$ cat entry27.cif   # mmCIF, C-alpha atoms and all ligand atoms
data_entry
loop_
_atom_site.label_atom_id
_atom_site.label_comp_id
_atom_site.auth_asym_id
_atom_site.auth_seq_id
_atom_site.Cartn_x
_atom_site.Cartn_y
_atom_site.Cartn_z
CA MET A 1 120.52 -131.99 -172.05
CA LEU A 2 118.81 -131.14 -175.35
CA LYS A 3 118.99 -134.08 -177.75
CA ILE A 4 118.78 -132.97 -181.36
CA VAL A 5 118.36 -134.71 -184.68
CA VAL A 6 119.49 -132.80 -187.78
CA LEU A 7 117.79 -133.40 -191.14
CA VAL A 8 119.77 -132.56 -194.28
CA SER A 9 119.57 -132.89 -198.05
CA GLY A 10 122.82 -131.67 -199.57
CA GLY A 11 125.94 -129.68 -198.82
CA GLY A 12 125.39 -129.52 -195.09
CA THR A 13 127.07 -126.17 -194.45
CA ASN A 14 124.41 -125.34 -191.87
CA LEU A 15 125.02 -128.72 -190.22
CA GLN A 16 128.73 -127.80 -190.18
CA ALA A 17 127.96 -124.48 -188.48
CA ILE A 18 126.09 -126.39 -185.75
CA LEU A 19 128.91 -128.95 -185.38
CA ASP A 20 131.51 -126.16 -185.15
CA ARG A 21 129.57 -124.30 -182.47
CA ALA A 22 129.07 -127.55 -180.55
CA ALA A 23 132.81 -128.32 -180.78
CA ALA A 24 133.61 -124.79 -179.59
CA GLY A 25 131.40 -125.43 -176.55
CA SER A 26 129.11 -122.49 -177.26
CA LEU A 27 125.91 -124.39 -178.08
CA GLY A 28 125.10 -125.18 -174.47
CA ASP A 29 124.00 -128.54 -173.14
CA VAL A 30 123.22 -130.09 -176.53
CA LYS A 31 123.87 -133.53 -178.01
CA ILE A 32 123.46 -134.22 -181.73
CA THR A 33 122.25 -137.80 -181.64
CA CYS A 34 121.67 -138.40 -185.35
CA VAL A 35 121.88 -136.84 -188.81
CA ILE A 36 119.29 -138.02 -191.36
CA SER A 37 119.49 -137.33 -195.09
CA ASN A 38 116.88 -137.95 -197.77
CA ASN A 39 119.72 -138.18 -200.32
CA ARG A 40 122.56 -140.69 -200.49
CA GLY A 41 126.15 -139.63 -201.06
CA VAL A 42 125.76 -135.99 -200.05
CA LYS A 43 128.49 -133.95 -198.38
CA ALA A 44 126.35 -133.42 -195.28
CA LEU A 45 126.73 -137.14 -194.48
CA ASP A 46 130.54 -136.88 -194.79
CA ARG A 47 130.43 -133.98 -192.34
CA ALA A 48 128.46 -136.10 -189.85
CA GLU A 49 130.89 -138.99 -190.33
CA GLN A 50 133.87 -136.66 -189.76
CA ALA A 51 132.32 -135.42 -186.54
CA GLY A 52 131.58 -138.96 -185.35
CA ILE A 53 127.80 -138.41 -185.36
CA PRO A 54 125.56 -141.39 -186.22
CA HIS A 55 123.93 -140.83 -189.61
CA ARG A 56 121.47 -142.55 -191.90
CA VAL A 57 119.62 -142.15 -195.17
CA VAL A 58 115.84 -142.27 -195.55
CA SER A 59 115.28 -141.82 -199.28
CA PRO A 60 111.92 -141.62 -201.05
CA LYS A 61 113.54 -143.80 -203.73
CA ASP A 62 113.45 -146.74 -201.32
CA TYR A 63 109.68 -146.57 -200.72
CA PRO A 64 106.72 -147.36 -202.98
CA ASP A 65 104.97 -144.03 -202.34
CA ARG A 66 105.12 -140.76 -200.41
CA GLU A 67 103.05 -142.09 -197.54
CA ALA A 68 105.48 -144.97 -196.94
CA PHE A 69 108.43 -142.57 -197.10
CA ASN A 70 106.76 -140.17 -194.66
CA GLU A 71 106.14 -143.02 -192.21
CA ALA A 72 109.75 -144.20 -192.48
CA LEU A 73 111.05 -140.66 -191.97
CA LEU A 74 108.92 -140.18 -188.86
CA ALA A 75 110.00 -143.57 -187.50
CA ALA A 76 113.67 -142.69 -188.07
CA VAL A 77 113.30 -139.35 -186.29
CA GLU A 78 111.30 -140.84 -183.41
CA SER A 79 113.81 -143.65 -182.90
CA ALA A 80 116.46 -141.02 -182.08
CA GLU A 81 114.15 -139.63 -179.33
CA PRO A 82 115.00 -135.99 -180.02
CA ASP A 83 113.95 -133.02 -177.92
CA LEU A 84 114.45 -130.86 -181.01
CA VAL A 85 114.43 -131.62 -184.74
CA VAL A 86 116.56 -129.24 -186.82
CA LEU A 87 115.91 -128.88 -190.56
CA ALA A 88 119.31 -127.71 -191.82
CA GLY A 89 118.80 -127.46 -195.57
CA PHE A 90 116.25 -130.29 -195.58
CA LEU A 91 114.40 -129.76 -198.85
CA VAL A 92 111.50 -132.14 -198.22
CA ALA A 93 107.98 -131.13 -197.11
CA ILE A 94 107.53 -132.19 -193.50
CA PRO A 95 104.58 -134.57 -193.16
CA PRO A 96 101.75 -133.31 -190.89
CA ALA A 97 102.16 -136.40 -188.65
CA MET A 98 105.73 -135.26 -187.87
CA VAL A 99 104.58 -131.73 -187.00
CA GLN A 100 101.92 -133.21 -184.70
CA ALA A 101 104.47 -135.54 -183.08
CA PHE A 102 106.85 -132.62 -182.37
CA PRO A 103 104.80 -129.47 -181.76
CA HIS A 104 107.10 -126.42 -181.52
CA ARG A 105 109.99 -128.85 -181.48
CA ILE A 106 110.99 -128.65 -185.15
CA ILE A 107 112.97 -125.65 -186.42
CA ASN A 108 113.90 -124.71 -189.98
CA ILE A 109 116.40 -122.33 -191.56
CA HIS A 110 115.07 -120.47 -194.59
CA PRO A 111 117.29 -118.25 -196.77
CA SER A 112 115.13 -115.12 -196.87
CA LEU A 113 113.44 -112.69 -194.51
CA ILE A 114 110.06 -114.44 -194.11
CA PRO A 115 107.38 -113.57 -195.27
CA ALA A 116 109.36 -112.59 -198.39
CA PHE A 117 110.33 -115.30 -200.87
CA CYS A 118 108.99 -118.26 -198.93
CA GLY A 119 106.34 -120.94 -199.22
CA LYS A 120 105.86 -123.60 -201.85
CA GLY A 121 108.53 -123.64 -204.55
CA TYR A 122 110.90 -121.33 -202.68
CA TYR A 123 113.91 -123.33 -201.59
CA GLY A 124 117.68 -123.22 -202.05
CA LEU A 125 118.89 -121.16 -205.01
CA LYS A 126 115.33 -120.44 -206.18
CA VAL A 127 114.89 -118.10 -203.21
CA HIS A 128 117.89 -116.00 -204.24
CA GLU A 129 116.88 -116.02 -207.91
CA ALA A 130 113.49 -114.61 -206.89
CA ALA A 131 115.04 -111.97 -204.62
CA LEU A 132 117.36 -110.77 -207.43
CA ARG A 133 114.49 -110.81 -209.96
CA ARG A 134 112.44 -108.58 -207.64
CA GLY A 135 115.40 -106.27 -207.10
CA VAL A 136 115.30 -106.17 -203.30
CA ARG A 137 118.17 -104.31 -201.63
CA VAL A 138 118.05 -106.39 -198.47
CA THR A 139 117.45 -110.08 -197.99
CA GLY A 140 118.57 -112.40 -195.20
CA ALA A 141 117.65 -115.55 -193.35
CA THR A 142 115.02 -116.74 -190.88
CA VAL A 143 114.89 -119.50 -188.28
CA HIS A 144 111.33 -120.51 -187.46
CA PHE A 145 109.34 -123.25 -185.82
CA VAL A 146 107.71 -125.61 -188.30
CA ASP A 147 103.95 -125.84 -188.38
CA GLU A 148 101.69 -127.52 -190.92
CA GLY A 149 102.13 -124.77 -193.52
CA THR A 150 105.22 -124.07 -195.63
CA ASP A 151 107.45 -121.50 -193.88
CA THR A 152 104.46 -120.22 -191.85
CA GLY A 153 105.49 -121.16 -188.30
CA PRO A 154 106.49 -118.77 -185.49
CA ILE A 155 109.68 -116.83 -186.27
CA ILE A 156 112.56 -117.28 -183.81
CA LEU A 157 115.45 -115.26 -185.32
CA GLN A 158 116.07 -113.25 -188.47
CA LYS A 159 119.15 -111.52 -189.84
CA PRO A 160 119.29 -109.11 -192.79
CA VAL A 161 121.95 -109.25 -195.51
CA ALA A 162 122.58 -106.55 -198.13
CA VAL A 163 122.19 -107.36 -201.82
CA GLN A 164 125.10 -105.98 -203.85
CA GLN A 165 125.37 -104.77 -207.42
CA GLY A 166 126.40 -107.65 -209.68
CA ASP A 167 125.22 -110.40 -207.34
CA THR A 168 124.40 -113.72 -208.96
CA PRO A 169 122.08 -116.16 -207.15
CA GLU A 170 125.15 -118.21 -206.18
CA ILE A 171 127.06 -115.20 -204.80
CA LEU A 172 124.03 -114.00 -202.87
CA GLN A 173 123.33 -117.49 -201.51
CA ARG A 174 126.88 -117.73 -200.20
CA ARG A 175 126.71 -114.27 -198.55
CA VAL A 176 123.36 -115.08 -196.90
CA MET A 177 124.84 -118.32 -195.56
CA GLU A 178 128.03 -116.71 -194.27
CA GLU A 179 126.51 -113.57 -192.80
CA ALA A 180 123.19 -114.93 -191.55
CA GLU A 181 122.36 -118.64 -191.71
CA TRP A 182 125.50 -120.05 -190.09
CA GLU A 183 125.04 -117.57 -187.26
CA ILE A 184 121.33 -117.63 -186.50
CA LEU A 185 120.70 -121.38 -186.79
CA PRO A 186 123.24 -122.36 -184.08
CA GLU A 187 122.13 -119.31 -182.08
CA ALA A 188 118.49 -120.46 -182.13
CA ILE A 189 119.56 -123.93 -180.95
CA ALA A 190 121.61 -122.38 -178.13
CA LEU A 191 118.63 -120.24 -177.06
CA ILE A 192 116.30 -123.26 -177.09
CA ALA A 193 118.86 -125.34 -175.17
CA ALA A 194 119.01 -122.57 -172.56
CA GLY A 195 115.22 -122.74 -172.18
CA ALA A 196 114.98 -119.14 -173.39
CA VAL A 197 112.42 -119.67 -176.18
CA SER A 198 108.67 -120.00 -175.77
CA VAL A 199 105.66 -119.54 -178.05
CA GLU A 200 102.67 -117.45 -177.01
CA ASP A 201 99.70 -116.74 -179.28
CA GLY A 202 101.66 -117.98 -182.29
CA ARG A 203 104.61 -115.67 -181.63
CA VAL A 204 108.01 -116.42 -180.17
CA ILE A 205 109.14 -114.87 -176.89
CA ILE A 206 112.87 -114.92 -176.16
CA ASP A 207 114.04 -114.48 -172.59
CA ARG A 208 117.61 -113.29 -173.11
CA SER A 209 118.26 -113.24 -169.36
CA LEU A 210 118.24 -117.07 -169.56
CA SER A 211 120.59 -117.21 -172.56
CA GLY A 212 123.33 -115.24 -170.84
CA LYS A 213 123.41 -112.85 -173.83
CA GLU A 214 121.84 -109.46 -174.28
CA GLU A 215 120.08 -108.69 -177.58
CA LYS A 216 122.40 -107.06 -180.11
C1 LIG B 301 120.46 -123.27 -197.19
O1 LIG B 301 120.62 -122.04 -197.85
C2 LIG B 301 119.10 -123.31 -196.50
O2 LIG B 301 118.71 -122.08 -195.96
C3 LIG B 301 118.21 -123.72 -197.63
O3 LIG B 301 118.95 -124.69 -198.33
C4 LIG B 301 120.34 -124.41 -198.20
C5 LIG B 301 121.04 -125.67 -197.70
O4 LIG B 301 122.43 -125.51 -197.62
N1 LIG B 301 116.94 -124.19 -197.15
C6 LIG B 301 115.78 -123.93 -197.76
O5 LIG B 301 115.69 -123.34 -198.81
C7 LIG B 301 114.55 -124.46 -197.03
N2 LIG B 301 113.36 -123.93 -197.61
P1 LIG B 301 123.34 -126.47 -196.73
O6 LIG B 301 122.98 -127.92 -197.12
O7 LIG B 301 124.74 -126.15 -197.15
O8 LIG B 301 123.10 -126.19 -195.27
#
$ encode --input "entry27.cif" --output "structure tokens" --more "lines below"
Ligand code: GAR
Amino acid sequence: MLKIVVLVSGGGTNLQAILDRAAAGSLGDVKITCVISNNRGVKALDRAEQAGIPHRVVSPKDYPDREAFNEALLAAVESAEPDLVVLAGFLVAIPPAMVQAFPHRIINIHPSLIPAFCGKGYYGLKVHEAALRRGVRVTGATVHFVDEGTDTGPIILQKPVAVQQGDTPEILQRRVMEEAEWEILPEAIALIAAGAVSVEDGRVIIDRSLSGKEEK
């Protein structure tokens, strides 16, 4: 069984997509052992509560400095003994010590087709604002392993989404979530749970024969 911890910061719609797939029985042999938020009172925590998943807050506001917060965050994640850490809209830079503690065992969903509109300063709505400013016709979402850079780790899955005339950042964000993020994040977890994902020379290899699904 793959034990996962999900880290969240806000609305938690990606967490919900994972919970729904788990409830539908299509995530494989996976147990969500804990949800951790860096923010109190966010909807993602209500979603965990509703699903009966243990949840806790590790907020930078409760620590004297970043280092102390980073240590507390790592301790909270480690205490859940996860096989996989899922960043589902977790808008906090992952401390290097966490990356070292979980090599190729942390995944992140990013709302663009990496390497476009990613890296420092590109998160949440800012990604979609930048995509609209540039006038791209196609954007999308990416699930990748987390390394010590920002959005630089090996790419697991990507899905394109068309930009439409008249899109606002909010409209585009919603379409990218609905058409891409909520699909590829649970899918990546299912592939990892099936043992179908490996990393060779910094690139991801997916063995679809193990996942029971052929590539679309
Ligand atoms: C999602 O669009 C996710 O891709 C993005 O934040 C949003 C969280 O929504 N993450 C990043 O920008 C990470 N760089 P959610 O809380 O409803 O899942």
$ atom_distance --input "entry27.cif" --atom1 "atom CA of A:Val42" --atom2 "atom CA of A:Val8"
9.0 Å
$ atom_distance --input "entry27.cif" --atom1 "atom CA of A:Pro111" --atom2 "atom CA of A:Leu191"
19.9 Å
$ closest_atom_pairs --input "entry27.cif" --of "chain A" --to "ligand LIG 301 (chain B)" --cutoff "6 Å" --atoms "only C-alpha atoms and all ligand atoms" --output "JSON lines"
{"residue": "A:Gly10", "atom": "CA", "partner": "B:LIG301", "partner_atom": "O6", "distance": 4.5}
{"residue": "A:Gly11", "atom": "CA", "partner": "B:LIG301", "partner_atom": "O6", "distance": 3.8}
{"residue": "A:Gly12", "atom": "CA", "partner": "B:LIG301", "partner_atom": "O6", "distance": 3.5}
{"residue": "A:Thr13", "atom": "CA", "partner": "B:LIG301", "partner_atom": "O7", "distance": 3.6}
{"residue": "A:Asn14", "atom": "CA", "partner": "B:LIG301", "partner_atom": "O8", "distance": 3.7}
{"residue": "A:Leu15", "atom": "CA", "partner": "B:LIG301", "partner_atom": "O8", "distance": 6.0}
{"residue": "A:Ala88", "atom": "CA", "partner": "B:LIG301", "partner_atom": "O8", "distance": 5.3}
{"residue": "A:Gly89", "atom": "CA", "partner": "B:LIG301", "partner_atom": "C5", "distance": 3.6}
{"residue": "A:Leu91", "atom": "CA", "partner": "B:LIG301", "partner_atom": "C7", "distance": 5.6}
{"residue": "A:Ile109", "atom": "CA", "partner": "B:LIG301", "partner_atom": "O2", "distance": 5.0}
{"residue": "A:His110", "atom": "CA", "partner": "B:LIG301", "partner_atom": "O2", "distance": 4.2}
{"residue": "A:Pro111", "atom": "CA", "partner": "B:LIG301", "partner_atom": "O2", "distance": 4.2}
{"residue": "A:Tyr123", "atom": "CA", "partner": "B:LIG301", "partner_atom": "O5", "distance": 3.3}
{"residue": "A:Gly124", "atom": "CA", "partner": "B:LIG301", "partner_atom": "O5", "distance": 3.8}
$ write_last_selection --input "entry27.cif" --atoms "C-alpha atoms" --output "PDB file, in the coordinates of the input"
ATOM      1  CA  GLY A  10     122.820-131.670-199.570  1.00  0.00           C
ATOM      2  CA  GLY A  11     125.940-129.680-198.820  1.00  0.00           C
ATOM      3  CA  GLY A  12     125.390-129.520-195.090  1.00  0.00           C
ATOM      4  CA  THR A  13     127.070-126.170-194.450  1.00  0.00           C
ATOM      5  CA  ASN A  14     124.410-125.340-191.870  1.00  0.00           C
ATOM      6  CA  LEU A  15     125.020-128.720-190.220  1.00  0.00           C
ATOM      7  CA  ALA A  88     119.310-127.710-191.820  1.00  0.00           C
ATOM      8  CA  GLY A  89     118.800-127.460-195.570  1.00  0.00           C
ATOM      9  CA  LEU A  91     114.400-129.760-198.850  1.00  0.00           C
ATOM     10  CA  ILE A 109     116.400-122.330-191.560  1.00  0.00           C
ATOM     11  CA  HIS A 110     115.070-120.470-194.590  1.00  0.00           C
ATOM     12  CA  PRO A 111     117.290-118.250-196.770  1.00  0.00           C
ATOM     13  CA  TYR A 123     113.910-123.330-201.590  1.00  0.00           C
ATOM     14  CA  GLY A 124     117.680-123.220-202.050  1.00  0.00           C
TER      15      GLY A 124
END
$ atom_distance --input "entry27.cif" --atom1 "atom CA of A:Cys118" --atom2 "atom CA of A:Gly140"
11.8 Å
$ residues_around --input "entry27.cif" --residues "A:Ala131" --least-positions-apart "2" --cutoff "10 Å" --atoms "all atoms listed in the file" --output "number ranges by chain"
A: 112, 116-117, 125-129, 133-139, 163, 169, 172
$ residues_around --input "entry27.cif" --residues "stretch 20-37 of chain A" --least-positions-apart "4" --cutoff "10 Å" --atoms "only C-alpha atoms" --output "PyMOL selection string"
chain A and resi 1-10+12+14-16+41-42+44-45+47-49+51-59+73+76-77+79-91+182-183+186-194+211
$ closest_residue --input "entry27.cif" --among "A:Thr142, A:Asn108, A:Thr152, A:Gln100" --to "A:Val176" --atoms "only C-alpha atoms"
A:Thr142
$ closest_residue --input "entry27.cif" --among "A:Ile94, A:Leu132, A:Ile155, A:Ala101" --to "A:Pro115" --atoms "all atoms listed in the file"
A:Ile155
$ closest_residue --input "entry27.cif" --among "A:Gly202, A:Pro154, A:Gly195, A:Pro60" --to "A:Ile107" --atoms "all atoms listed in the file"
A:Pro154
$ residues_around --input "entry27.cif" --residues "A:Val99" --least-positions-apart "3" --cutoff "8 Å" --atoms "all atoms listed in the file" --output "list of chain:residue names"
A:Ile94, A:Pro95, A:Pro96, A:Phe102, A:Pro103, A:Ile106, A:Val146, A:Asp147, A:Glu148
$ residues_around --input "entry27.cif" --residues "A:Lys120" --least-positions-apart "4" --cutoff "10 Å" --atoms "only C-alpha atoms" --output "list in words"
Ala93, Gly149, Thr150 and Asp151 of chain A
$ write_last_selection --input "entry27.cif" --atoms "C-alpha atoms" --output "compact mmCIF listing (two decimals), keeping the file's coordinate frame"
# COMPACT_ATOMS: atom_id res chain seq x y z
CA ALA A 93 107.98 -131.13 -197.11
CA GLY A 149 102.13 -124.77 -193.52
CA THR A 150 105.22 -124.07 -195.63
CA ASP A 151 107.45 -121.50 -193.88
$ closest_residue --input "entry27.cif" --among "A:Lys159, A:Gln50, A:Val92, A:Asp207" --to "A:Asn70" --atoms "all atoms listed in the file"
A:Val92
$ decode --input "entry27.cif" --residues "stretch 32-56 of chain A" --atoms "N, CA, C and O atoms" --output "PDB file, in the first residue's frame"
ATOM      1  N   ILE A  32      -4.531   7.774   2.122  1.00  0.00           N
ATOM      2  CA  ILE A  32      -4.165   9.157   2.468  1.00  0.00           C
ATOM      3  C   ILE A  32      -4.116   9.220   3.989  1.00  0.00           C
ATOM      4  O   ILE A  32      -5.148   9.147   4.659  1.00  0.00           O
ATOM      5  N   THR A  33      -2.899   9.334   4.525  1.00  0.00           N
ATOM      6  CA  THR A  33      -2.770   9.230   5.987  1.00  0.00           C
ATOM      7  C   THR A  33      -2.924  10.585   6.665  1.00  0.00           C
ATOM      8  O   THR A  33      -3.287  10.638   7.835  1.00  0.00           O
ATOM      9  N   CYS A  34      -2.616  11.676   5.943  1.00  0.00           N
ATOM     10  CA  CYS A  34      -2.693  12.986   6.589  1.00  0.00           C
ATOM     11  C   CYS A  34      -2.756  14.100   5.550  1.00  0.00           C
ATOM     12  O   CYS A  34      -2.159  13.987   4.477  1.00  0.00           O
ATOM     13  N   VAL A  35      -3.465  15.159   5.883  1.00  0.00           N
ATOM     14  CA  VAL A  35      -3.466  16.389   5.070  1.00  0.00           C
ATOM     15  C   VAL A  35      -2.864  17.486   5.945  1.00  0.00           C
ATOM     16  O   VAL A  35      -3.264  17.659   7.105  1.00  0.00           O
ATOM     17  N   ILE A  36      -1.875  18.202   5.398  1.00  0.00           N
ATOM     18  CA  ILE A  36      -1.212  19.273   6.152  1.00  0.00           C
ATOM     19  C   ILE A  36      -1.378  20.583   5.390  1.00  0.00           C
ATOM     20  O   ILE A  36      -1.113  20.646   4.184  1.00  0.00           O
ATOM     21  N   SER A  37      -1.814  21.616   6.115  1.00  0.00           N
ATOM     22  CA  SER A  37      -1.965  22.943   5.504  1.00  0.00           C
ATOM     23  C   SER A  37      -1.040  23.939   6.193  1.00  0.00           C
ATOM     24  O   SER A  37      -0.838  23.866   7.407  1.00  0.00           O
ATOM     25  N   ASN A  38      -0.523  24.875   5.418  1.00  0.00           N
ATOM     26  CA  ASN A  38       0.263  25.960   6.026  1.00  0.00           C
ATOM     27  C   ASN A  38      -0.642  27.119   6.437  1.00  0.00           C
ATOM     28  O   ASN A  38      -0.178  28.062   7.062  1.00  0.00           O
ATOM     29  N   ASN A  39      -1.920  27.031   6.060  1.00  0.00           N
ATOM     30  CA  ASN A  39      -2.886  28.082   6.415  1.00  0.00           C
ATOM     31  C   ASN A  39      -4.030  27.501   7.232  1.00  0.00           C
ATOM     32  O   ASN A  39      -4.554  26.430   6.897  1.00  0.00           O
ATOM     33  N   ARG A  40      -4.426  28.237   8.269  1.00  0.00           N
ATOM     34  CA  ARG A  40      -5.599  27.847   9.068  1.00  0.00           C
ATOM     35  C   ARG A  40      -6.884  28.221   8.343  1.00  0.00           C
ATOM     36  O   ARG A  40      -6.902  29.181   7.569  1.00  0.00           O
ATOM     37  N   GLY A  41      -7.935  27.491   8.621  1.00  0.00           N
ATOM     38  CA  GLY A  41      -9.278  27.907   8.190  1.00  0.00           C
ATOM     39  C   GLY A  41      -9.529  27.822   6.692  1.00  0.00           C
ATOM     40  O   GLY A  41     -10.444  28.471   6.183  1.00  0.00           O
ATOM     41  N   VAL A  42      -8.725  27.049   5.975  1.00  0.00           N
ATOM     42  CA  VAL A  42      -8.931  26.968   4.524  1.00  0.00           C
ATOM     43  C   VAL A  42      -9.882  25.812   4.183  1.00  0.00           C
ATOM     44  O   VAL A  42     -10.028  24.858   4.953  1.00  0.00           O
ATOM     45  N   LYS A  43     -10.489  25.924   3.008  1.00  0.00           N
ATOM     46  CA  LYS A  43     -11.493  24.938   2.597  1.00  0.00           C
ATOM     47  C   LYS A  43     -10.903  23.537   2.448  1.00  0.00           C
ATOM     48  O   LYS A  43     -11.589  22.534   2.657  1.00  0.00           O
ATOM     49  N   ALA A  44      -9.624  23.476   2.096  1.00  0.00           N
ATOM     50  CA  ALA A  44      -8.973  22.172   1.939  1.00  0.00           C
ATOM     51  C   ALA A  44      -9.067  21.359   3.237  1.00  0.00           C
ATOM     52  O   ALA A  44      -9.253  20.131   3.197  1.00  0.00           O
ATOM     53  N   LEU A  45      -8.976  22.031   4.380  1.00  0.00           N
ATOM     54  CA  LEU A  45      -9.050  21.318   5.665  1.00  0.00           C
ATOM     55  C   LEU A  45     -10.466  20.792   5.911  1.00  0.00           C
ATOM     56  O   LEU A  45     -10.643  19.701   6.448  1.00  0.00           O
ATOM     57  N   ASP A  46     -11.476  21.571   5.482  1.00  0.00           N
ATOM     58  CA  ASP A  46     -12.868  21.087   5.590  1.00  0.00           C
ATOM     59  C   ASP A  46     -13.069  19.839   4.733  1.00  0.00           C
ATOM     60  O   ASP A  46     -13.778  18.907   5.119  1.00  0.00           O
ATOM     61  N   ARG A  47     -12.427  19.842   3.570  1.00  0.00           N
ATOM     62  CA  ARG A  47     -12.564  18.680   2.670  1.00  0.00           C
ATOM     63  C   ARG A  47     -11.946  17.438   3.310  1.00  0.00           C
ATOM     64  O   ARG A  47     -12.506  16.328   3.212  1.00  0.00           O
ATOM     65  N   ALA A  48     -10.792  17.618   3.980  1.00  0.00           N
ATOM     66  CA  ALA A  48     -10.153  16.487   4.666  1.00  0.00           C
ATOM     67  C   ALA A  48     -11.060  15.995   5.797  1.00  0.00           C
ATOM     68  O   ALA A  48     -11.282  14.785   5.954  1.00  0.00           O
ATOM     69  N   GLU A  49     -11.592  16.940   6.551  1.00  0.00           N
ATOM     70  CA  GLU A  49     -12.487  16.610   7.674  1.00  0.00           C
ATOM     71  C   GLU A  49     -13.684  15.796   7.170  1.00  0.00           C
ATOM     72  O   GLU A  49     -14.026  14.758   7.722  1.00  0.00           O
ATOM     73  N   GLN A  50     -14.307  16.304   6.094  1.00  0.00           N
ATOM     74  CA  GLN A  50     -15.471  15.630   5.490  1.00  0.00           C
ATOM     75  C   GLN A  50     -15.164  14.197   5.094  1.00  0.00           C
ATOM     76  O   GLN A  50     -16.012  13.322   5.197  1.00  0.00           O
ATOM     77  N   ALA A  51     -13.932  13.998   4.624  1.00  0.00           N
ATOM     78  CA  ALA A  51     -13.546  12.669   4.142  1.00  0.00           C
ATOM     79  C   ALA A  51     -12.996  11.793   5.271  1.00  0.00           C
ATOM     80  O   ALA A  51     -12.604  10.647   5.033  1.00  0.00           O
ATOM     81  N   GLY A  52     -12.945  12.373   6.487  1.00  0.00           N
ATOM     82  CA  GLY A  52     -12.467  11.589   7.626  1.00  0.00           C
ATOM     83  C   GLY A  52     -10.960  11.352   7.609  1.00  0.00           C
ATOM     84  O   GLY A  52     -10.477  10.353   8.149  1.00  0.00           O
ATOM     85  N   ILE A  53     -10.223  12.276   6.977  1.00  0.00           N
ATOM     86  CA  ILE A  53      -8.762  12.133   6.893  1.00  0.00           C
ATOM     87  C   ILE A  53      -8.128  13.007   7.991  1.00  0.00           C
ATOM     88  O   ILE A  53      -8.483  14.189   8.107  1.00  0.00           O
ATOM     89  N   PRO A  54      -7.199  12.463   8.773  1.00  0.00           N
ATOM     90  CA  PRO A  54      -6.520  13.296   9.769  1.00  0.00           C
ATOM     91  C   PRO A  54      -5.875  14.514   9.108  1.00  0.00           C
ATOM     92  O   PRO A  54      -5.335  14.400   8.007  1.00  0.00           O
ATOM     93  N   HIS A  55      -5.973  15.667   9.770  1.00  0.00           N
ATOM     94  CA  HIS A  55      -5.409  16.879   9.166  1.00  0.00           C
ATOM     95  C   HIS A  55      -4.818  17.771  10.231  1.00  0.00           C
ATOM     96  O   HIS A  55      -5.225  17.715  11.405  1.00  0.00           O
ATOM     97  N   ARG A  56      -3.844  18.572   9.833  1.00  0.00           N
ATOM     98  CA  ARG A  56      -3.220  19.490  10.791  1.00  0.00           C
ATOM     99  C   ARG A  56      -2.687  20.718  10.076  1.00  0.00           C
ATOM    100  O   ARG A  56      -2.550  20.727   8.847  1.00  0.00           O
TER     101      ARG A  56
END
